[in-house]
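Visitor: For reference, the structure I am asking about is given below.
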Amino acid sequence: MIDKAKAATATNDDVDFEPQTSSDSETVEGRRQISDAELKSIAEALIFVAEEPIGGESIADLIDVETDAVENAISELVREYDSRNGGLQLREIAGGWQIATRPEHHENVRAYLRSKPSAKLSLASLETLAVIAYKQPITIPEILEIRGVQSPSAIKTLLDKRLIVAKGRKETVGRPMMYGTSKEFLIQFGLKDLSELPSIEDFHDLAGGES
Amino acid sequence: MEDNGTLEATLAPAGAPKPEATVIKVAGGQPEIRPDRDSDQLKIALGEFEGPLDLLLYLIRQNQVNIYDIPIARITDEYLRYLNLMQELDLAVAGDFLVMAAQLIELKSRMLLPRDPLAVDEEEVDPRADLINRLLEHEKFKAAAQMLWSRATVEQAVFTRAEMETDKNNPEVAVGLFDLLTVFQKILARHKEEVLMEIEREEITMAEMIERLRNMVRSAGELNLITFFERAGSRHELVVAFLSVLELVRLHEITLLQRETFGEITARAASPA
């Protein structure tokens with residue numbers, strides 16, 4: 001790989017044109033140049049092995065190329081995955097990229113993994129989560145006020161499941177802890193980032209319209 | 001879970017549950033009323049209860065009234081009736097519900113008060129406005145929760161590759177090759193030591209031990225047995241040493257002397273008989 005990279009190195013300054021034999025001289029202005037095909041294949045390999053969704057920037061840093069080039073390569077990969085119509089999808093989630101099965105295969109995949117859908121959150125937890133997701137950062141008293149209940153047990157459940165995390169303290173009397181959603185939240189709900197959540201006002205028609 | 005969050009679930013009237021295994025579905029929760037076989041009483045099994053706002057929303061839907069123009073008196077009555085039902089059924093009514101009941105009653109009385117004839121119409125605020133806003137807000141979040149629920153359902157159908165056996169997700173074997181080598185070397189070294197000890201043990205035979213005892217007795221003239229036994233390096237040697245003492249005594253080569261009760265025992269060459 002390194003040899004290829006060397007060969008592909010476009011030397012646009014006054015560096016000697018001969019392939020360098022010293023180990024660390026194949027950078028041009030701090031960036032290596034790799035062919036698109038190779039970049040695509042490296043990115044795919046890294047996305048595959050990454051335990052968590054991996055960002056284009058991380059990949060770019062790792063192989064020392066421009067982030068834009070990586071992003072382009074990944075977009076091309078996504079097109080390939082989509083056009084192939086295979087069992088896998090390459091998707092953006094929680095600020096990174098991930099290779100995952102397509103949902104339509106879930107029955108067979110589950111049969112193989114012998115897994116059952118894991119216990120879902122209770123409605124109380126989901127509502128609390130919704131409040132936190134849309135109002136973050138938010139303190140526990142504020143959450144309880146909106147929900148009209150006094151028990152913080154749903155909040156504890158969410159903390160235990162690492163769907164929410166502490167996000168500093170509110171500069172007010174008592175400096176109460178504020179909470180917000182975590183990366184785990186994005187992953188479990190299949191979100192690229194928080195902006196992908198539909199606007200809370202969009203629920204208005206749903207809410208008020210049917211009387 | 002399917003019915004949770006949907007407000008249009010078909011509902012038996014809260015005040016008049018049918019006696020035969022009627023299932024009452026309340027917005028969010030799924031309380032279930034079952035006839036108790038041993039008595040005429042009904043038992044209620046509550047699903048997850050979602051709080052007073054849910055109950056209110058449920059009653060508003062149930063009575064098909066406009067959320068922007070809630071007939072407070074009617075809804076308050078319904079609400080209180082429901083609370084009574086819960087109490088009759090020995091349900092612990094959470095404090096939240098009582099707080100809401102108090103708020104509703106207060107609202108009801110304010111609605112009954114004649115309007116201040118001097119107040120300018122535009123400045124008049126509907127006393128229900130705050131409650132309506134909270135209900136609308138609550139409904140939005142219920143809808144948002146529903147959305148999250150569907151997203152989670154889809155996500156649960158998506159799988160990523162199985163975890164790889166990396167150091168990170170397998171802390172129990174979070175060691176590198178060199179850690180393993182180090183441990184293995186230690187084990188080898190320990191094993192070597194053990195082997196050495198075994199050889200030593202085998203070196204001392206009964207005959208050798210007897211010979212050693214003979215020499216020590218001969219050279220010292222009189223040998224404290226403690227000194228002799230202390231030379232033994234292992235349990236095995238100790239046993240052999242003890243046996244050799246017995247053997248030499250039996251052969252009348254040595255005699256044992258104890259000068260006082262429980263005192264130290266010394267061995268000396270037996271005087272030829």
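Letters A, B, ... mark the chains of the structure tokens in the order given; residue numbers begin at 1 per chain; ligand numbers begin at 1, in order shown.
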Would you list which chain A residues are within 6 Å of chain B using only C-alpha atoms, as a list in words?
Guide: Ala100, Thr101, Arg102, Pro103, His106, Leu126, Glu127, Ala130, Val149, Phe189, Gly190, Phe203, Ala207 and Ser211 of chain A
Visitor: Using only C-alpha atoms, pick whichever of B:Ala241, B:Ala269, B:Ile204, B:Phe229 has the shortest atom-to-atom distance to B:Val217.
Guide: B:Ala269
Visitor: Show me, as a list in words, the residues that have an atom within 8 Å of stretch 103-116 of chain B when counting only C-alpha atoms, minus same-chain residues fewer than 3 positions from it.
Guide: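 With the cut-off at 8 Å, the set is Ile72, Ala73, Thr76, Val99, Met100, Ala119, Pro127 and Arg128 of chain B.
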Visitor: Take the residues from that selection and write them out as a CSV table (one decimal), in the first residue's frame, keeping N, CA and C atoms.
Guide:
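The resulting part07.csv:
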chain,number,residue,atom,x,y,z
B,72,ILE,N,-64.6,22.4,31.4
B,72,ILE,CA,-63.9,22.0,32.6
B,72,ILE,C,-64.7,21.3,33.6
B,73,ALA,N,-66.0,21.8,33.8
B,73,ALA,CA,-66.8,21.2,34.8
B,73,ALA,C,-67.0,19.7,34.5
B,76,THR,N,-63.7,17.8,34.8
B,76,THR,CA,-63.3,17.6,36.2
B,76,THR,C,-64.2,16.5,36.9
B,99,VAL,N,-52.8,16.2,42.8
B,99,VAL,CA,-52.4,17.6,42.5
B,99,VAL,C,-53.3,18.1,41.3
B,100,MET,N,-53.4,17.3,40.3
B,100,MET,CA,-54.2,17.7,39.1
B,100,MET,C,-55.6,17.9,39.5
B,119,ALA,N,-63.3,44.5,33.4
B,119,ALA,CA,-62.1,44.1,32.7
B,119,ALA,C,-62.3,44.3,31.2
B,127,PRO,N,-58.8,31.2,31.8
B,127,PRO,CA,-58.1,30.5,32.9
B,127,PRO,C,-57.6,29.1,32.6
B,128,ARG,N,-58.2,28.6,31.5
B,128,ARG,CA,-57.8,27.2,31.1
B,128,ARG,C,-56.5,27.2,30.2
Visitor: Please compute the atom CA of B:Thr205-atom CA of B:Ala267 distance, one decimal, in Å.
Guide: 20.6 Å
Visitor: With distances taken over only C-alpha atoms, which residue among A:Asp36, A:Glu52, A:Asp61, A:Glu92 lies nearest A:Glu196?
Guide: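 Counting only C-alpha atoms, the residue closest to A:Glu196 is A:Glu92.
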Visitor: DSSP on the backbone, then: every residue of stretch 24-200 of chain A marked alpha helix (DSSP H), written as a PyMOL selection string.
Guide: chain A and resi 36-49+56-63+67-84+106-113+123-135+140-147+153-160+183-188
Visitor: Mind dumping the selected residues with C-alpha atoms as a short mmCIF file (atom, residue, chain, number, x, y, z; two decimals), in the first residue's frame?
Guide:
data_model
loop_
_atom_site.label_atom_id
_atom_site.label_comp_id
_atom_site.auth_asym_id
_atom_site.auth_seq_id
_atom_site.Cartn_x
_atom_site.Cartn_y
_atom_site.Cartn_z
CA ASP A 36 -10.09 7.14 -5.69
CA ALA A 37 -10.58 3.42 -6.06
CA GLU A 38 -8.05 2.69 -3.39
CA LEU A 39 -9.45 5.30 -1.05
CA LYS A 40 -12.91 3.81 -1.47
CA SER A 41 -11.66 0.37 -0.67
CA ILE A 42 -9.69 1.51 2.38
CA ALA A 43 -12.67 3.48 3.68
CA GLU A 44 -14.93 0.48 3.27
CA ALA A 45 -12.50 -1.75 5.16
CA LEU A 46 -12.23 0.73 8.01
CA ILE A 47 -15.97 1.27 8.23
CA PHE A 48 -16.38 -2.48 8.38
CA VAL A 49 -13.97 -3.05 11.24
CA GLY A 56 -14.96 10.55 7.49
CA GLU A 57 -12.56 12.76 9.39
CA SER A 58 -11.21 9.88 11.46
CA ILE A 59 -10.58 7.92 8.28
CA ALA A 60 -8.93 10.91 6.65
CA ASP A 61 -6.66 11.42 9.65
CA LEU A 62 -5.75 7.78 9.77
CA ILE A 63 -4.67 7.42 6.17
CA THR A 67 -11.50 14.70 4.49
CA ASP A 68 -13.34 15.79 1.35
CA ALA A 69 -11.72 13.00 -0.62
CA VAL A 70 -12.85 10.48 1.97
CA GLU A 71 -16.37 11.89 2.03
CA ASN A 72 -16.54 11.64 -1.75
CA ALA A 73 -15.29 8.09 -1.66
CA ILE A 74 -17.89 7.17 0.95
CA SER A 75 -20.71 8.80 -1.06
CA GLU A 76 -19.61 6.70 -4.01
CA LEU A 77 -19.62 3.62 -1.78
CA VAL A 78 -23.12 4.41 -0.56
CA ARG A 79 -24.27 4.62 -4.19
CA GLU A 80 -22.65 1.26 -4.88
CA TYR A 81 -24.31 -0.33 -1.85
CA ASP A 82 -27.68 1.05 -2.87
CA SER A 83 -27.46 0.08 -6.50
CA ARG A 84 -26.28 -3.40 -5.65
CA HIS A 106 -34.38 -9.00 10.22
CA GLU A 107 -36.31 -12.23 10.53
CA ASN A 108 -33.59 -14.34 9.00
CA VAL A 109 -30.84 -12.48 10.77
CA ARG A 110 -32.59 -12.94 14.09
CA ALA A 111 -33.19 -16.59 13.41
CA TYR A 112 -29.48 -17.02 12.82
CA LEU A 113 -28.42 -14.94 15.82
CA LEU A 123 -43.86 4.54 27.13
CA ALA A 124 -43.03 6.59 30.21
CA SER A 125 -39.33 6.28 29.36
CA LEU A 126 -39.93 7.11 25.71
CA GLU A 127 -41.93 10.20 26.57
CA THR A 128 -39.28 11.32 29.00
CA LEU A 129 -36.68 10.69 26.32
CA ALA A 130 -38.70 12.72 23.84
CA VAL A 131 -38.87 15.63 26.28
CA ILE A 132 -35.12 15.47 26.86
CA ALA A 133 -34.32 15.10 23.16
CA TYR A 134 -36.30 18.19 22.24
CA LYS A 135 -35.62 20.35 25.25
CA ILE A 140 -34.96 16.97 36.09
CA PRO A 141 -37.53 19.35 37.64
CA GLU A 142 -38.19 20.82 34.20
CA ILE A 143 -38.71 17.35 32.74
CA LEU A 144 -41.12 16.39 35.50
CA GLU A 145 -43.00 19.65 35.07
CA ILE A 146 -43.56 19.05 31.38
CA ARG A 147 -44.62 15.47 31.94
CA SER A 153 -37.77 6.79 37.75
CA ALA A 154 -37.97 7.02 33.96
CA ILE A 155 -34.99 9.38 34.00
CA LYS A 156 -33.00 6.85 35.96
CA THR A 157 -33.89 4.15 33.43
CA LEU A 158 -32.62 6.36 30.62
CA LEU A 159 -29.40 7.08 32.50
CA ASP A 160 -28.91 3.38 33.16
CA LYS A 183 -24.39 9.20 21.18
CA GLU A 184 -25.97 5.91 22.18
CA PHE A 185 -29.33 7.61 21.71
CA LEU A 186 -28.45 8.51 18.12
CA ILE A 187 -27.31 4.95 17.47
CA GLN A 188 -30.33 3.24 19.00
#
